[in-house]
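> Sharing run_8.txt (compact mmCIF, C-alpha atoms) below.
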```txt
# COMPACT_ATOMS: atom_id res chain seq x y z
CA MET A 1 -23.23 -38.17 -102.39
CA LYS A 2 -24.73 -34.70 -102.23
CA ALA A 3 -24.20 -34.54 -98.47
CA PHE A 4 -20.59 -35.70 -98.90
CA SER A 5 -19.94 -33.04 -101.53
CA TRP A 6 -21.38 -30.35 -99.27
CA ALA A 7 -19.26 -31.52 -96.35
CA LEU A 8 -16.13 -31.64 -98.52
CA GLY A 9 -16.82 -28.12 -99.77
CA ALA A 10 -17.25 -26.83 -96.23
CA ALA A 11 -14.03 -28.51 -95.14
CA VAL A 12 -12.11 -26.96 -98.04
CA ALA A 13 -13.54 -23.53 -97.23
CA LEU A 14 -12.48 -23.84 -93.63
CA GLY A 15 -9.05 -25.13 -94.59
CA LEU A 16 -8.39 -22.22 -96.94
CA SER A 17 -8.91 -19.74 -94.14
CA ALA A 18 -7.02 -21.61 -91.45
CA GLY A 19 -3.71 -19.94 -92.17
CA SER A 20 -4.99 -16.47 -91.34
CA ALA A 21 -6.07 -17.60 -87.89
CA GLN A 22 -2.94 -19.56 -86.89
CA ALA A 23 -1.42 -16.64 -85.02
CA ALA A 24 -4.55 -16.05 -82.93
CA ASP A 25 -5.32 -17.72 -79.60
CA THR A 26 -9.03 -17.93 -80.47
CA THR A 27 -10.84 -18.11 -83.81
CA LEU A 28 -14.49 -17.16 -84.27
CA ARG A 29 -16.00 -18.58 -87.48
CA ILE A 30 -19.28 -16.94 -88.44
CA SER A 31 -21.76 -18.30 -90.98
CA LEU A 32 -23.85 -15.76 -92.92
CA GLN A 33 -26.40 -16.49 -95.64
CA LEU A 34 -26.19 -13.04 -97.23
CA PRO A 35 -23.33 -11.60 -99.32
CA LEU A 36 -20.58 -9.77 -97.46
CA THR A 37 -21.64 -6.64 -99.37
CA SER A 38 -25.06 -6.71 -97.64
CA HIS A 39 -25.56 -4.49 -94.62
CA LEU A 40 -25.54 -7.56 -92.36
CA GLY A 41 -22.23 -8.60 -93.91
CA GLN A 42 -20.80 -5.14 -93.40
CA ASN A 43 -22.02 -5.23 -89.81
CA LEU A 44 -20.10 -8.46 -89.24
CA GLN A 45 -17.06 -6.84 -90.81
CA LEU A 46 -17.32 -3.99 -88.29
CA PHE A 47 -17.49 -6.58 -85.49
CA LYS A 48 -14.48 -8.43 -86.90
CA GLU A 49 -12.36 -5.28 -87.11
CA GLU A 50 -13.30 -4.23 -83.57
CA VAL A 51 -12.58 -7.64 -82.04
CA GLU A 52 -9.26 -8.11 -83.81
CA LYS A 53 -8.18 -4.57 -82.92
CA THR A 54 -9.14 -4.64 -79.24
CA SER A 55 -7.71 -8.13 -78.74
CA ASN A 56 -4.41 -7.15 -80.39
CA GLY A 57 -4.80 -10.08 -82.74
CA ASP A 58 -5.40 -12.67 -80.03
CA ILE A 59 -8.86 -13.31 -81.48
CA ALA A 60 -9.39 -13.88 -85.20
CA VAL A 61 -12.80 -13.59 -86.85
CA GLU A 62 -13.59 -15.45 -90.07
CA ILE A 63 -16.80 -14.66 -91.97
CA TYR A 64 -18.27 -17.26 -94.33
CA ASP A 65 -20.87 -15.34 -96.31
CA SER A 66 -23.40 -16.25 -99.01
CA ALA A 67 -24.40 -19.52 -97.29
CA GLN A 68 -21.13 -21.17 -98.31
CA LEU A 69 -21.14 -23.25 -95.11
CA TYR A 70 -24.73 -23.29 -93.88
CA LYS A 71 -28.06 -22.09 -95.14
CA ASP A 72 -30.07 -19.83 -92.87
CA LYS A 73 -32.29 -22.70 -91.70
CA GLU A 74 -29.23 -24.80 -90.76
CA VAL A 75 -27.55 -22.19 -88.57
CA PRO A 76 -29.44 -22.81 -85.27
CA ALA A 77 -28.49 -26.51 -85.25
CA ALA A 78 -24.93 -25.87 -86.47
CA VAL A 79 -24.20 -23.30 -83.76
CA GLY A 80 -26.16 -25.10 -81.05
CA SER A 81 -24.23 -28.33 -81.68
CA GLY A 82 -20.85 -26.59 -81.82
CA ALA A 83 -20.24 -27.46 -85.49
CA ILE A 84 -19.34 -23.78 -85.90
CA GLU A 85 -18.66 -21.15 -83.25
CA MET A 86 -21.03 -18.44 -84.48
CA GLY A 87 -23.75 -17.82 -87.00
CA VAL A 88 -26.33 -15.33 -88.23
CA ALA A 89 -29.92 -16.48 -88.61
CA SER A 90 -33.27 -14.87 -89.13
CA LEU A 91 -34.94 -14.76 -85.72
CA THR A 92 -37.84 -16.83 -87.03
CA ARG A 93 -35.48 -19.77 -87.63
CA TYR A 94 -35.82 -20.47 -83.90
CA VAL A 95 -39.60 -20.81 -84.11
CA GLY A 96 -39.40 -24.61 -83.91
CA ASP A 97 -37.85 -24.41 -80.44
CA VAL A 98 -39.18 -21.04 -79.29
CA SER A 99 -42.48 -20.34 -81.04
CA ALA A 100 -42.77 -16.97 -79.29
CA VAL A 101 -39.98 -15.47 -81.47
CA ASP A 102 -42.58 -14.84 -84.16
CA ILE A 103 -44.00 -11.97 -82.10
CA PHE A 104 -42.15 -9.74 -84.59
CA TYR A 105 -44.14 -11.20 -87.48
CA GLN A 106 -47.55 -10.41 -86.01
CA PRO A 107 -49.00 -8.21 -88.76
CA PHE A 108 -48.62 -4.48 -88.10
CA LEU A 109 -47.94 -4.98 -84.36
CA PHE A 110 -44.68 -3.00 -84.44
CA ASP A 111 -45.87 -0.20 -86.69
CA THR A 112 -43.45 2.54 -85.60
CA GLU A 113 -39.67 2.70 -85.26
CA ALA A 114 -40.08 3.70 -81.60
CA LYS A 115 -41.98 0.47 -80.86
CA VAL A 116 -39.38 -1.60 -82.66
CA ARG A 117 -36.51 0.01 -80.79
CA ALA A 118 -38.24 -0.47 -77.44
CA ALA A 119 -38.96 -4.12 -78.21
CA VAL A 120 -35.46 -5.06 -79.40
CA ALA A 121 -33.50 -3.23 -76.69
CA PRO A 122 -31.26 -5.66 -74.76
CA GLY A 123 -33.13 -6.96 -71.72
CA SER A 124 -36.46 -5.42 -72.77
CA PRO A 125 -39.69 -7.19 -71.66
CA VAL A 126 -40.06 -8.42 -75.25
CA ARG A 127 -36.49 -9.35 -76.20
CA GLY A 128 -35.19 -10.45 -72.80
CA PRO A 129 -37.42 -13.54 -72.42
CA LEU A 130 -36.74 -14.54 -76.03
CA ASP A 131 -32.95 -14.37 -75.60
CA ASP A 132 -33.31 -16.48 -72.44
CA ALA A 133 -35.40 -19.07 -74.25
CA ILE A 134 -32.96 -19.27 -77.18
CA SER A 135 -30.14 -19.93 -74.72
CA GLU A 136 -31.77 -23.30 -74.00
CA THR A 137 -30.99 -24.41 -77.58
CA GLY A 138 -27.23 -24.41 -76.95
CA SER A 139 -26.67 -20.91 -78.34
CA THR A 140 -26.17 -17.54 -76.68
CA VAL A 141 -27.45 -14.39 -78.41
CA LEU A 142 -24.66 -11.84 -78.83
CA TRP A 143 -26.56 -9.17 -80.74
CA TRP A 144 -29.58 -8.45 -82.92
CA GLN A 145 -29.22 -7.13 -86.46
CA ALA A 146 -31.93 -4.86 -87.82
CA TYR A 147 -33.20 -5.82 -91.27
CA GLY A 148 -36.10 -3.40 -91.59
CA GLY A 149 -39.74 -3.84 -92.46
CA ALA A 150 -41.15 -6.69 -94.54
CA ILE A 151 -42.24 -5.66 -98.04
CA MET A 152 -43.82 -7.53 -100.95
CA LEU A 153 -42.34 -8.17 -104.37
CA SER A 154 -44.32 -8.86 -107.52
CA LYS A 155 -44.40 -8.58 -111.30
CA ASP A 156 -46.70 -6.47 -113.44
CA GLY A 157 -48.35 -4.50 -110.64
CA PRO A 158 -48.39 -4.04 -106.86
CA VAL A 159 -50.04 -6.22 -104.22
CA LYS A 160 -52.42 -3.51 -103.01
CA THR A 161 -54.88 -5.60 -100.99
CA PRO A 162 -55.50 -9.24 -100.02
CA ALA A 163 -57.51 -9.55 -103.25
CA GLU A 164 -54.25 -9.41 -105.26
CA MET A 165 -52.79 -12.25 -103.17
CA LYS A 166 -55.75 -14.61 -103.40
CA GLY A 167 -54.77 -17.86 -105.08
CA LYS A 168 -51.13 -16.78 -105.56
CA LYS A 169 -48.01 -18.62 -104.39
CA VAL A 170 -46.09 -16.41 -101.96
CA ARG A 171 -42.52 -16.72 -100.73
CA VAL A 172 -42.36 -16.54 -96.94
CA PHE A 173 -39.52 -17.00 -94.47
CA GLY A 174 -41.43 -18.04 -91.36
CA LYS A 175 -44.51 -19.91 -90.20
CA THR A 176 -46.32 -16.81 -88.97
CA LEU A 177 -45.84 -15.03 -92.29
CA GLY A 178 -47.27 -18.18 -93.82
CA ASP A 179 -50.32 -17.82 -91.58
CA PHE A 180 -50.65 -14.23 -92.77
CA VAL A 181 -50.61 -15.34 -96.41
CA THR A 182 -53.13 -18.10 -95.69
CA ALA A 183 -55.44 -15.58 -94.01
CA ALA A 184 -55.31 -13.58 -97.25
CA GLU A 185 -56.15 -16.76 -99.20
CA GLY A 186 -52.70 -17.07 -100.74
CA ALA A 187 -50.49 -20.16 -100.80
CA PRO A 188 -47.36 -19.72 -98.61
CA THR A 189 -44.08 -21.29 -99.75
CA LEU A 190 -41.11 -21.38 -97.37
CA ILE A 191 -37.95 -20.41 -99.27
CA SER A 192 -34.54 -19.54 -97.82
CA GLY A 193 -33.17 -16.08 -98.51
CA SER A 194 -30.27 -17.46 -100.54
CA GLU A 195 -32.76 -19.30 -102.80
CA GLN A 196 -35.06 -16.32 -103.42
CA TYR A 197 -33.57 -15.16 -106.70
CA LEU A 198 -34.02 -18.51 -108.43
CA ALA A 199 -37.53 -18.91 -107.00
CA TYR A 200 -38.60 -15.61 -108.57
CA GLN A 201 -36.70 -16.26 -111.78
CA ARG A 202 -38.26 -19.70 -112.26
CA GLY A 203 -41.74 -18.64 -111.23
CA THR A 204 -41.78 -21.00 -108.25
CA VAL A 205 -43.75 -18.26 -106.51
CA ASP A 206 -45.78 -15.31 -107.76
CA ILE A 207 -45.18 -12.91 -104.86
CA GLY A 208 -42.19 -12.42 -102.59
CA MET A 209 -41.63 -11.17 -99.07
CA THR A 210 -38.30 -9.81 -97.87
CA GLY A 211 -36.66 -6.67 -96.52
CA VAL A 212 -35.93 -3.95 -99.06
CA SER A 213 -32.20 -4.14 -98.26
CA GLY A 214 -32.33 -7.72 -99.54
CA VAL A 215 -33.67 -6.42 -102.86
CA LYS A 216 -30.49 -4.40 -103.20
CA SER A 217 -27.96 -6.97 -101.96
CA ARG A 218 -29.46 -9.80 -104.06
CA LYS A 219 -30.31 -7.62 -107.13
CA LEU A 220 -33.87 -8.87 -107.07
CA TRP A 221 -34.87 -6.15 -109.56
CA GLU A 222 -33.54 -8.55 -112.18
CA VAL A 223 -36.40 -10.97 -111.47
CA MET A 224 -39.18 -8.80 -109.94
CA ASP A 225 -40.36 -5.33 -110.97
CA THR A 226 -42.61 -3.98 -108.18
CA ILE A 227 -42.24 -3.32 -104.44
CA THR A 228 -45.33 -2.84 -102.29
CA VAL A 229 -44.35 -1.03 -99.08
CA THR A 230 -46.55 -2.80 -96.54
CA ASN A 231 -44.03 -2.96 -93.66
CA HIS A 232 -46.32 -5.63 -92.23
CA ALA A 233 -43.63 -7.20 -90.04
CA ASP A 234 -40.31 -6.31 -88.44
CA ILE A 235 -37.48 -8.49 -89.72
CA GLU A 236 -34.73 -9.22 -87.21
CA PHE A 237 -31.62 -11.35 -87.52
CA ILE A 238 -29.62 -12.53 -84.54
CA VAL A 239 -25.94 -13.35 -84.14
CA VAL A 240 -25.48 -16.38 -81.91
CA VAL A 241 -22.46 -18.15 -80.41
CA ASN A 242 -22.25 -21.72 -79.18
CA THR A 243 -22.82 -21.54 -75.43
CA ASP A 244 -20.22 -24.16 -74.42
CA PHE A 245 -17.61 -22.45 -76.58
CA TRP A 246 -18.62 -19.06 -75.18
CA ASN A 247 -18.41 -20.20 -71.56
CA GLY A 248 -14.98 -21.67 -72.23
CA LEU A 249 -13.48 -18.36 -73.36
CA PRO A 250 -11.33 -16.31 -70.98
CA GLU A 251 -13.34 -13.64 -69.21
CA ASP A 252 -11.41 -10.80 -70.84
CA HIS A 253 -12.11 -12.25 -74.30
CA ARG A 254 -15.81 -12.48 -73.57
CA ALA A 255 -15.81 -8.88 -72.35
CA LEU A 256 -14.24 -7.42 -75.47
CA ILE A 257 -16.41 -9.59 -77.77
CA GLN A 258 -19.52 -8.37 -75.95
CA ALA A 259 -18.35 -4.76 -76.26
CA ALA A 260 -17.82 -5.22 -80.02
CA ALA A 261 -21.24 -6.86 -80.32
CA LEU A 262 -22.96 -3.92 -78.62
CA LYS A 263 -21.15 -1.51 -80.92
CA ALA A 264 -22.19 -3.51 -83.98
CA GLU A 265 -25.80 -3.72 -82.80
CA ALA A 266 -26.09 0.03 -82.21
CA ASP A 267 -24.47 0.81 -85.57
CA VAL A 268 -26.81 -1.29 -87.70
CA ARG A 269 -29.91 -0.16 -85.80
CA ASP A 270 -29.02 3.53 -86.13
CA ARG A 271 -28.32 3.21 -89.86
CA MET A 272 -31.40 1.15 -90.77
CA SER A 273 -33.50 4.06 -92.06
CA GLU A 274 -30.61 5.25 -94.22
CA ILE A 275 -29.98 1.70 -95.47
CA GLU A 276 -33.63 1.24 -96.46
CA ALA A 277 -33.81 4.64 -98.17
CA ALA A 278 -30.73 3.82 -100.24
CA ALA A 279 -32.15 0.42 -101.17
CA TYR A 280 -35.45 1.93 -102.33
CA ALA A 281 -33.55 4.50 -104.39
CA GLN A 282 -31.39 1.85 -106.02
CA ALA A 283 -34.42 -0.33 -106.74
CA GLU A 284 -36.05 2.59 -108.55
CA GLU A 285 -32.85 3.31 -110.46
CA ASN A 286 -32.96 -0.28 -111.66
CA GLY A 287 -36.48 0.03 -112.99
CA MET A 288 -38.63 -1.10 -110.09
CA THR A 289 -41.95 0.54 -109.25
CA ILE A 290 -42.40 1.46 -105.57
CA TYR A 291 -46.02 1.41 -104.39
CA THR A 292 -47.20 2.60 -100.97
CA PRO A 293 -50.67 1.32 -100.03
CA THR A 294 -53.35 3.83 -99.06
CA ALA A 295 -54.80 3.91 -95.55
CA SER A 296 -57.89 2.01 -96.70
CA GLU A 297 -55.75 -0.64 -98.40
CA LEU A 298 -53.72 -1.13 -95.23
CA GLU A 299 -56.95 -1.50 -93.27
CA ALA A 300 -57.95 -4.30 -95.65
CA TRP A 301 -54.71 -6.11 -94.82
CA LYS A 302 -55.20 -5.60 -91.09
CA ALA A 303 -58.77 -6.87 -91.34
CA VAL A 304 -57.63 -10.32 -92.50
CA SER A 305 -54.89 -10.59 -89.86
CA GLN A 306 -56.85 -11.60 -86.76
CA PRO A 307 -56.41 -15.37 -87.35
CA VAL A 308 -52.64 -14.81 -87.26
CA TYR A 309 -52.85 -13.32 -83.76
CA ASP A 310 -55.13 -16.13 -82.62
CA ALA A 311 -52.78 -18.83 -83.96
CA TYR A 312 -49.77 -17.19 -82.32
CA VAL A 313 -51.37 -17.06 -78.88
CA GLU A 314 -52.50 -20.67 -79.20
CA LYS A 315 -49.08 -22.01 -80.26
CA SER A 316 -46.69 -19.94 -78.19
CA GLY A 317 -48.04 -20.61 -74.70
CA ASP A 318 -47.13 -18.62 -71.61
CA LEU A 319 -43.99 -17.13 -73.16
CA GLY A 320 -45.99 -15.92 -76.15
CA LYS A 321 -48.58 -14.32 -73.90
CA THR A 322 -45.82 -12.63 -71.89
CA VAL A 323 -44.13 -11.05 -74.88
CA MET A 324 -47.45 -10.22 -76.59
CA ASP A 325 -48.64 -8.35 -73.50
CA ALA A 326 -45.29 -6.54 -73.34
CA ALA A 327 -45.48 -5.62 -77.03
CA LYS A 328 -49.00 -4.24 -76.74
CA ALA A 329 -47.87 -2.08 -73.81
CA LEU A 330 -45.16 -0.33 -75.86
```
As a first step, turn the structure in this file into structure tokens.

Amino acid sequence: MKAFSWALGAAVALGLSAGSAQAADTTLRISLQLPLTSHLGQNLQLFKEEVEKTSNGDIAVEIYDSAQLYKDKEVPAAVGSGAIEMGVASLTRYVGDVSAVDIFYQPFLFDTEAKVRAAVAPGSPVRGPLDDAISETGSTVLWWQAYGGAIMLSKDGPVKTPAEMKGKKVRVFGKTLGDFVTAAEGAPTLISGSEQYLAYQRGTVDIGMTGVSGVKSRKLWEVMDTITVTNHADIEFIVVVNTDFWNGLPEDHRALIQAAALKAEADVRDRMSEIEAAAYAQAEENGMTIYTPTASELEAWKAVSQPVYDAYVEKSGDLGKTVMDAAKAL
């Protein structure tokens, strides 16, 4: 009954928007787990405006935000199967098919913006092989969306060192982040982004992990009061399109969609520092404490991270070794 209700709701949502796309030759439906007001939502809006303008209305773009059609974890299968044309998913949601994607969650590996930019550049020795591997799941990567560094959320004090995490339940959004928590003797709990607020409110977990922009878009200051600025991982989202659908589009449509995707990717990447700064400021305005660990505290975190690297190399095979070597060379 629950599955039927979900399917009925999705069908109604699609039906309500059908009229706006009737005049277009092609309609691109995009599933997003975050609110449209989030920076990822605004990035999709930029893409939509560019595509509809350059195609003179021949292509319509419909954005279904706030997980109204699919949760983040459901997007890879939904897009890969053709149930929807496009979707946005956290890169780590592909870890089941391409374990090497979690290179970006290796603790403190990408510790400067320059390293991140080099790694995520289209066709780079790190990103290129990952995009190719994802293409084997039935989806084609159109662009990457920057989400910033991973931070920790807590109540009644910061998470300064692994000692504060020991024995605590910690929200994670990927297996490698779970390995990181385990290495610090915490208890990882996988929770979708759209379910974070309730998890913190109900005390399902004691500590959270997310990007600071998510604190702003989801108003997490209502349920957590402290941010610890660890930046221990680089959070990336990807926008994917069903490969069969993509290959069936006219060449000129693919060209203008790709051009809009590149524009959207550059825009969100260039604004990420500004987006994070604004999110930190708003968090403080709403009563949150922002704590930046000292050099010695960061060293304590790095000291417990070696098992995470070891597990990654063991699980990700030749592709993992390839992208790890490329990352270390940046």
> Which of these residues is nearest to Thr228 of chain A, using all atoms listed in the file: A:Trp246, A:Phe180, A:Tyr280, A:Phe104?
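Of A:Trp246, A:Phe180, A:Tyr280, A:Phe104, the one nearest Thr228 of chain A, counting all atoms listed in the file, is A:Tyr280.
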> Find the distance between atom CA of Thr294 of chain A and atom CA of Val229 of chain A and write it in Å to one decimal.
10.2 Å
> Under the rule that all atoms listed in the file are counted, which of A:Pro76, A:Gly167, A:Gly208, A:Pro129 is the nearest residue to Thr182 of chain A?
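Closest to Thr182 of chain A, using all atoms listed in the file: A:Gly167.
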> Kindly indicate which residue among A:Ala261, A:Val304, A:Glu314, A:Ser213 lies nearest to Glu50 of chain A, using all atoms listed in the file for the distances.
A:Ala261
> So how far away is atom CA of Glu113 of chain A from atom CA of Met288 of chain A, in Å?
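Between atom CA of Met288 of chain A and atom CA of Glu113 of chain A the gap works out to 25.1 Å.
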> What separation in Å, quoted to one decimal, exists between atom CA of Val223 of chain A and atom CA of Lys73 of chain A?
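Between atom CA of Val223 of chain A and atom CA of Lys73 of chain A the gap is 23.4 Å.
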> A:Gly186, A:Gly57, A:Arg254, A:Ala279: which is nearest Gly214 of chain A, counting only C-alpha atoms?
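Nearest to Gly214 of chain A: A:Ala279.
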> What's around Thr137 of chain A at 12 Å? Count all atoms listed in the file, leave out sequence neighbours fewer than 6 positions away in its own chain, and write the answer as a PDB file with C-alpha atoms, in the coordinates of the input.

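Output contents, as saved in part.pdb:
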```pdb
ATOM      1  CA  VAL A  75     -27.550 -22.190 -88.570  1.00  0.00           C
ATOM      2  CA  PRO A  76     -29.440 -22.810 -85.270  1.00  0.00           C
ATOM      3  CA  ALA A  77     -28.490 -26.510 -85.250  1.00  0.00           C
ATOM      4  CA  ALA A  78     -24.930 -25.870 -86.470  1.00  0.00           C
ATOM      5  CA  VAL A  79     -24.200 -23.300 -83.760  1.00  0.00           C
ATOM      6  CA  GLY A  80     -26.160 -25.100 -81.050  1.00  0.00           C
ATOM      7  CA  SER A  81     -24.230 -28.330 -81.680  1.00  0.00           C
ATOM      8  CA  GLY A  82     -20.850 -26.590 -81.820  1.00  0.00           C
ATOM      9  CA  ARG A  93     -35.480 -19.770 -87.630  1.00  0.00           C
ATOM     10  CA  TYR A  94     -35.820 -20.470 -83.900  1.00  0.00           C
ATOM     11  CA  VAL A  95     -39.600 -20.810 -84.110  1.00  0.00           C
ATOM     12  CA  GLY A  96     -39.400 -24.610 -83.910  1.00  0.00           C
ATOM     13  CA  ASP A  97     -37.850 -24.410 -80.440  1.00  0.00           C
ATOM     14  CA  VAL A  98     -39.180 -21.040 -79.290  1.00  0.00           C
ATOM     15  CA  LEU A 130     -36.740 -14.540 -76.030  1.00  0.00           C
ATOM     16  CA  ASP A 131     -32.950 -14.370 -75.600  1.00  0.00           C
ATOM     17  CA  VAL A 240     -25.480 -16.380 -81.910  1.00  0.00           C
ATOM     18  CA  VAL A 241     -22.460 -18.150 -80.410  1.00  0.00           C
ATOM     19  CA  ASN A 242     -22.250 -21.720 -79.180  1.00  0.00           C
ATOM     20  CA  THR A 243     -22.820 -21.540 -75.430  1.00  0.00           C
ATOM     21  CA  ASP A 244     -20.220 -24.160 -74.420  1.00  0.00           C
TER      22      ASP A 244
END
```
> Using all atoms listed in the file and a cutoff of 12 Å, can you tell me which residues are near (-11.3, -4.4, -82.6) in the file's coordinates, and write them out as a ChimeraX atom specification?
/A:44-61,253,256-261,263-264
> Go through A:Gly193, A:Gly178, A:Ile84, A:Phe173 and flag the residue nearest Lys71 of chain A, using all atoms listed in the file for the distances.
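Under the stated criterion, the closest residue is A:Gly193.
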> Show which residues sit within 12 Å of Ile275 of chain A, as number ranges by chain. Count only C-alpha atoms, and ignore same-chain residues fewer than 5 positions away.
A: 38-40, 42-43, 146-149, 211-217, 267-270, 280-282
> Could you dump the residues just selected with C-alpha atoms as a compact mmCIF listing (two decimals), keeping the file's coordinate frame?

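Just written: selection-v1.txt:
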```
# COMPACT_ATOMS: atom_id res chain seq x y z
CA SER A 38 -25.06 -6.71 -97.64
CA HIS A 39 -25.56 -4.49 -94.62
CA LEU A 40 -25.54 -7.56 -92.36
CA GLN A 42 -20.80 -5.14 -93.40
CA ASN A 43 -22.02 -5.23 -89.81
CA ALA A 146 -31.93 -4.86 -87.82
CA TYR A 147 -33.20 -5.82 -91.27
CA GLY A 148 -36.10 -3.40 -91.59
CA GLY A 149 -39.74 -3.84 -92.46
CA GLY A 211 -36.66 -6.67 -96.52
CA VAL A 212 -35.93 -3.95 -99.06
CA SER A 213 -32.20 -4.14 -98.26
CA GLY A 214 -32.33 -7.72 -99.54
CA VAL A 215 -33.67 -6.42 -102.86
CA LYS A 216 -30.49 -4.40 -103.20
CA SER A 217 -27.96 -6.97 -101.96
CA ASP A 267 -24.47 0.81 -85.57
CA VAL A 268 -26.81 -1.29 -87.70
CA ARG A 269 -29.91 -0.16 -85.80
CA ASP A 270 -29.02 3.53 -86.13
CA TYR A 280 -35.45 1.93 -102.33
CA ALA A 281 -33.55 4.50 -104.39
CA GLN A 282 -31.39 1.85 -106.02
```
> Please, what is the axis-aligned box for every listed atom of segment 273-279 of chain A with 4 Å on each side, as centre and edge lengths in Å to one decimal, as JSON?

```
{"center_x": -31.9, "center_y": 2.8, "center_z": -96.6, "size_x": 11.8, "size_y": 12.8, "size_z": 17.1}
```
> Please determine, counting all atoms listed in the file, which residue among A:Arg271, A:Lys168, A:Lys160, A:Arg202 has the shortest atom-to-atom distance to Ile227 of chain A.
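Closest residue, counting all atoms listed in the file: A:Lys160.
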